[in-house]
Structures are given as C-alpha cells and as structure tokens.
Amino acid sequence: MWYVSTRGIAPRVNFEGALFSGYAPDGGLFMPEELPQLDRETLCQWSTLSYPDLVKELCALFIGSELIPKDDLNDLIDRAFSRFRLKEVVRLSRLKNGLNVLELWHGVTYAFKDLSLSCTAQFLQYFLEKREKHVTVVVGTSGDTGSAAIESVQGAKNVDIIVLLPKGHCTKIQELQMTTVLKENVHVFGAVEGNSDELDEPIKTVFADVAFVKKHNLMSLNSINWSRVLVQTAHHFFAYFQCTPSLDTHPLPLVEVVVPTGAAGNLAAGYIAQKIGLPIRLVVAVNRNDIIHRTVQQGDFSLSKAVKSTLASAMDIQVPYNMERVFWLLSGSDSQVTRALMEQFERTQSVNLPKELHSKLSEVVTSESVSDEAITQTMGRCWDENQYLLCPHSAVAVNYHYQQMDRQQPSSTPRCCLAPASAAKFPEAVLAAGLTPETPAEIVALEHKETRCTPMQRGDNWTLMLQDTIEDLSRRWRGHALNASQ
C-alpha cells in the first residue's frame with residue numbers, strides 16, 4: 001500500500017513513511033494512493049468482530065504484512081488496548097427513543113483519542129526498535145490530544161514528546177492529565193495567552209523546515225497523522241455493525257453516524273469508511289466554531305474573526321485541517337485542485353469551494369452547528385430521560401438526534417452518535433447544565449500530584465523555544481546512544 005500527498009508534489013511513501021511524517025514535505029496530508037473496496041461478503045464476515053478485531057482487519061488492509069507481519073500487528077494492537085478499562089474497549093449504549101451512543105472514551109485519559117494514539121504509539125515503537133532510531137513528537141492540543149499522546153508514549157526509550165497546551169483554553173482536568181506526567185521523555189509547554197490554533201503556527205513553521213525535521217527526526221501525532229485517521233475508521237464500522245439489525249437485505253441497510261468534530265479527523269475517517277464500502281450516512285456536528293458547517297451548507301471555507309470559547313472546548317478549532325483529505329477524496333484524488341484550494345486558504349484564510357466540489361460535499365454529509373445553550377439543554381434532557389451523563393462534545397452530536405425527533409421526522413434508518421469523551425472530564429459543563437458531576441477516583445487524585453510545565457509568554461518567540469528544545473533533546477539522545485555503544 002502506497003501513500004501520496006493530497007498536494008501531489010511529495011514522493012509517495014509506504015505506511016512507515018506516512019506514520020513518521022505528519023505533514024507531507026509539500027504541506028499536504030498523506031492518503032492511500034488507492035482505496036481498497038470491501039465486498040458484501042467481507043462486511044458480513046466483519047459484522048461479528050469485536051472492536052479490537054475490526055482495528056486489526058482495517059490496519060492489516062492499509063499497512064501490509066511486508067511491513068508488519070499479521071501476528072506482530074495483532075500483538076501490537078492487543079498491547080495498545082491492554083490499559084483500557086473495558087475488555088471490549090468500545091461500548092454502545094442503547095438509550096430511550098432510538099438514541100444510540102457509541103462510547104469511545106474508555107481509555108486511560110477518558111477520551112476517544114486514546115484509541116488511535118495507543119495504536120499509533122505501538123506502531124512507532126515497533127519501527128523505532130527495528131531501526132534503532134529516536135523521534136521527537138511535537139503535538140499542539142486543544143485539550144484531549146496532548147494527554148492521550150503523552151499516555152501513549154510516556155516512558156518509551158526511543159521517543160521524546162513535546163506538547164504545547166493553551167492554558168485556560170482546556171479544562172483543569174485536561175491540563176492536569178498533561179502536567180502531572182513527570183517522565184523524563186515528556187516535555188509540556190503552556191501558553192499563558194493563546195489558543196490551540198495559535199499554537200499550531202510555531203509547529204507548522206518548524207515542520208516546514210524540511211532539513212530541520214529530517215535532522216532531528218520530528219513527527220506529529222495530531223490527526224494530520226494518517227495512522228490516527230486509519231484507526232478511527234474502525235469507530236464507523238463498529239457503529240454500523242452494532243446498529244444495523246441485519247445484513248440480509250439488498251442493498252445493505254444504511255446507518256446514520258453523527259460525528260462531533262473540530263479538526264475533522266473523525267469525519268475524514270467516516271468518509272474513507274464510506275468510500276471503501278460501508279453503507280453509512282454522515283452527519284457532522286460542530287459547536288459555534290462552525291467553519292465545517294458553513295463549508296457543507298454554503299461552500300464557505302473561511303475563518304471567522306476569532307476562535308469562540310465554548311463548553312465543547314476540545315472542538316474550539318478554526319482550522320479543520322483534515323478537510324483537506326475530504327476535499328481530495330471528493331475531487332477524485334485531484335491533487336491540483338486540492339493544492340490550489342489549500343494554498344489559497346493558507347494565503348487568504350478564505351475559499352469558496354468550486355460549485356461541483358460543494359455539491360459533492362453536501363451529497364455525502366449533512367451538518368449542524370450547536371450553541372452552548374443547546375449543549376446544556378441536551379445534557380439535561382439526556383439525563384432526565386436516561387440518567388445518562390453526556391460530555392459537552394457528545395451532546396453536540398446527540399442534539400442532532402433530538403432535533404430530528406422533535407421535528408417528528410421518523411426514519412427507519414438507525415442513527416448512532418459518537419461520544420468522544422467522558423463527562424467526568426468536563427465537570428464545569430456538567431454543572432452548567434444543572435447536573436451533578438461524577439468524578440472517578442483517578443481523576444480526583446490528579447489534584448494532589450506534582451506538576452511540571454514550562455510557561456510560554458505572549459512576548460516570547462515560540463518557534464525559537466520549540467527549536468531550542470528539539471535541538472537539546474537530539475543532543476541528549478546522541479549522548480545516550482554514544483554511551484550505550486561504548
């Protein structure tokens with residue numbers, strides 16, 4: 001399986017190359033050169049599989065046994081999920097009035113990112129040990145990515161991780177999940193002023209210096225990384241098989257999957273699942289940072305004046321970089337069209353999608369944007385009807401379900417709402433909804449742990465701080481390697 005850049009200039013790479021790259025050297029994102037097509041027989045065989053087994057099948061399809069033999073791959077994925085609180089890893093909660101909530105948050109940090117990052121970290125370490133190499137991972141976070149990335153690689157001998165977090169823009173719990181990990185290979189920086197989009201700027205600048213990236217073996221674990229999107233396709237397959245009554249009908253039954261998103265990684269994963277043969281209809285649900293909603297509704301892919309702070313803070317993102325993958329797929333893998341679009345967006349922060357591309361987009365996905373008021377109302381209603389606590393991001397998805405019900409638009413199509421995080425991580429939002437937070441003991445314990453975080457002030461040169469830290473880590477690794485070889 002070969003991977004090409006959405007912008008068509010960078011040379012093609014295999015899965016290992018895509019895994020270690022993050023952005024392609026031409027600024028694009030890696031995608032499979034050709035998508036496999038799953039037939040009805042394969043879908044029927046997969047329909048009884050557990051979530052981990054689905055991940056194994058999908059990864060085998062996109063990685064190739066010449067890179068990771070099947071037995072090794074299975075072991076890596078079992079290891080990745082070994083710290084999850086549920087043996088089945090992911091669970092569907094069937095609630096009243098046809099509400100299906102797919103709980104993707106049973107990992108260490110109580111967020112869906114544990115699923116893809118735990119697997120990605122295992123793939124990384126597999127190749128690093130084979131090649132006797134070291135990497136420095138650089139991650140910008142709006143809340144959940146940082147902690148899940150840290151958990152997935154903490155203590156790994158071949159990996160250092162640098163996380164840039166926007167202080168005050170994520171919840172106290174999210175921050176503590178990052179700053180209380182005191183392992184030697186974990187380096188957390190906190191921007192006292194600045195949101196997650198602003199923190200992406202120094203990261204993008206550093207990654208644009210191809211020689212620097214190569215010299216220091218840099219990579220990212222944000223959802224620009226293909227491996228994360230690949231694992232996330234499994235959410236959609238599992239949702240489909242859990243919600244479809246039978247696969248005996250012709251054509252196969254449809255399931256509607258409601259995807260709450262910020263950077264559009266889960267949306268890209270859903271669209272890939274659809275393209276390779278999964279009969280799902282996609283609904284994308286966003287908070288008041290509504291660039292994806294405006295793109296779907298009007299073809300208006302442009303930044304608002306500023307990021308709006310919302311209760312669904314992990315989705316407070318203005319630049320949904322995975323839309324580039326969606327545009328590339330919609331355009332029939334046309335890298336010229338994609339490159340022109342994205343370069344114009346980077347230059348002017350505003351693009352009107354070509355008419356044909358916009359009509360294709362609105363055929364494959366519907367969208368909604370949800371206010372904080374609607375989030376708290378949805379959390380309250382779900383509790384009243386089911387005694388079930390939703391996190392604010394999950395409520396963004398469930399709000400769509402309630403809207404459809406209230407409009408009395410009955411549908412025979414089952415609907416599944418993806419729940420990206422546990423309500424335990426967002427006590428502030430639970431209180432705002434007039435409900436009582438339920439906080440697990442390990443989250444309470446974070447309050448009493450020692451923390452470590454390097455502050456980044458508004459006047460500092462963030463790019464320089466990042467470069468200096470990376471250079472220092474490279475020197476240290478070279479020193480370790482030298483001592484080990486003597």
# chains A, B, ... in the order shown; residues from 1 in each chain; ligands from 1
call {"tool": "residues_around", "arguments": {"residues": "region 386-396 of chain A", "least_positions_apart": "4", "cutoff": "7 Å", "atoms": "only C-alpha atoms", "output": "ChimeraX atom specification"}}
result
/A:95-96,260,285-287,311-312,370,375,378-379,382,418-423,426,429
call {"tool": "closest_atom_pairs", "arguments": {"of": "region 396-472 of chain A", "to": "region 172-179 of chain A", "cutoff": "6 Å", "atoms": "only C-alpha atoms", "output": "tab-separated table"}}
result
residue	atom	partner	partner_atom	distance
A:Thr451	CA	A:Thr179	CA	5.0
A:Arg452	CA	A:Thr179	CA	5.2
A:Cys453	CA	A:Thr179	CA	5.8
call {"tool": "write_last_selection", "arguments": {"atoms": "N, CA, C and O atoms", "output": "PDB file, in the first residue's frame"}}
result
ATOM      1  N   THR A 451       3.208  18.842  39.516  1.00  0.00           N
ATOM      2  CA  THR A 451       3.078  19.186  38.093  1.00  0.00           C
ATOM      3  C   THR A 451       4.379  19.760  37.553  1.00  0.00           C
ATOM      4  O   THR A 451       5.218  20.263  38.309  1.00  0.00           O
ATOM      5  N   ARG A 452       4.520  19.671  36.224  1.00  0.00           N
ATOM      6  CA  ARG A 452       5.692  20.260  35.548  1.00  0.00           C
ATOM      7  C   ARG A 452       5.241  20.833  34.206  1.00  0.00           C
ATOM      8  O   ARG A 452       4.651  20.119  33.392  1.00  0.00           O
ATOM      9  N   CYS A 453       5.514  22.122  33.994  1.00  0.00           N
ATOM     10  CA  CYS A 453       5.089  22.781  32.761  1.00  0.00           C
ATOM     11  C   CYS A 453       5.928  24.038  32.553  1.00  0.00           C
ATOM     12  O   CYS A 453       6.086  24.845  33.470  1.00  0.00           O
TER      13      CYS A 453
END
call {"tool": "residues_around", "arguments": {"residues": "Val337 (chain A)", "least_positions_apart": "4", "cutoff": "12 Å", "atoms": "only C-alpha atoms", "output": "ChimeraX atom specification"}}
result
/A:6-8,324,327-333,341-344,353-354,356-357
call {"tool": "closest_residue", "arguments": {"among": "A:Val319, A:Leu99, A:Leu473, A:Ile280", "to": "Asp200 (chain A)", "atoms": "only C-alpha atoms"}}
result
A:Val319
call {"tool": "residues_around", "arguments": {"residues": "region 235-238 of chain A", "least_positions_apart": "3", "cutoff": "10 Å", "atoms": "only C-alpha atoms", "output": "number ranges by chain"}}
result
A: 43, 46-52, 54-55, 58, 90-92, 102-104, 112, 115, 231-232, 241-243, 255-259, 266-267, 269-274, 278-280, 282, 416, 418
call {"tool": "select_by_dssp", "arguments": {"residues": "region 227-378 of chain A", "states": "helix (DSSP H, G or I)", "output": "ChimeraX atom specification"}}
result
/A:227-243,265-275,291-298,313-315,323-330,335-348,355-364,372-378
call {"tool": "residues_around", "arguments": {"residues": "Glu184 (chain A)", "least_positions_apart": "2", "cutoff": "12 Å", "atoms": "only C-alpha atoms", "output": "list of chain:residue names"}}
result
A:Ile150, A:Val153, A:Gln154, A:Gly155, A:Ala156, A:Lys157, A:Asn158, A:Val159, A:Asp160, A:Ile161, A:Ile162, A:Val181, A:Leu182, A:Val186, A:His187, A:Val188, A:Arg452, A:Leu473, A:Arg476, A:Trp477
call {"tool": "write_last_selection", "arguments": {"atoms": "N, CA and C atoms", "output": "short mmCIF file (atom, residue, chain, number, x, y, z; two decimals), in the first residue's frame"}}
result
data_model
loop_
_atom_site.label_atom_id
_atom_site.label_comp_id
_atom_site.auth_asym_id
_atom_site.auth_seq_id
_atom_site.Cartn_x
_atom_site.Cartn_y
_atom_site.Cartn_z
N ILE A 150 0.64 11.84 25.32
CA ILE A 150 1.61 11.64 26.42
C ILE A 150 1.45 10.23 26.99
N VAL A 153 3.00 7.37 24.86
CA VAL A 153 4.47 7.22 24.68
C VAL A 153 5.27 7.45 25.96
N GLN A 154 4.60 7.79 27.08
CA GLN A 154 5.37 8.11 28.29
C GLN A 154 6.26 6.93 28.68
N GLY A 155 7.54 7.26 28.98
CA GLY A 155 8.49 6.23 29.38
C GLY A 155 9.12 5.46 28.22
N ALA A 156 8.67 5.70 26.98
CA ALA A 156 9.25 4.98 25.82
C ALA A 156 10.69 5.45 25.62
N LYS A 157 11.60 4.51 25.41
CA LYS A 157 13.02 4.91 25.38
C LYS A 157 13.43 5.56 24.06
N ASN A 158 12.68 5.31 22.99
CA ASN A 158 13.07 5.87 21.68
C ASN A 158 12.28 7.11 21.29
N VAL A 159 11.46 7.62 22.21
CA VAL A 159 10.56 8.73 21.87
C VAL A 159 10.64 9.83 22.94
N ASP A 160 10.81 11.08 22.48
CA ASP A 160 10.55 12.23 23.36
C ASP A 160 9.29 12.90 22.84
N ILE A 161 8.51 13.47 23.75
CA ILE A 161 7.30 14.17 23.31
C ILE A 161 7.25 15.59 23.86
N ILE A 162 6.98 16.54 22.97
CA ILE A 162 6.80 17.94 23.36
C ILE A 162 5.33 18.28 23.10
N VAL A 181 2.41 14.24 34.40
CA VAL A 181 3.23 13.11 33.92
C VAL A 181 4.69 13.58 33.94
N LEU A 182 5.46 13.06 34.91
CA LEU A 182 6.81 13.59 35.14
C LEU A 182 7.90 12.71 34.53
N VAL A 186 8.87 13.37 28.63
CA VAL A 186 7.66 14.20 28.44
C VAL A 186 7.98 15.66 28.75
N HIS A 187 7.69 16.55 27.79
CA HIS A 187 8.04 17.98 27.93
C HIS A 187 6.81 18.81 27.57
N VAL A 188 6.20 19.44 28.59
CA VAL A 188 4.96 20.19 28.38
C VAL A 188 5.22 21.69 28.47
N ARG A 452 4.52 19.67 36.22
CA ARG A 452 5.69 20.26 35.55
C ARG A 452 5.24 20.83 34.21
N LEU A 473 17.07 18.00 22.93
CA LEU A 473 16.68 16.58 23.05
C LEU A 473 17.51 15.72 22.09
N ARG A 476 20.89 15.18 23.61
CA ARG A 476 20.80 14.21 24.72
C ARG A 476 20.72 12.78 24.20
N TRP A 477 19.90 12.58 23.17
CA TRP A 477 19.74 11.23 22.60
C TRP A 477 21.06 10.75 22.01
#
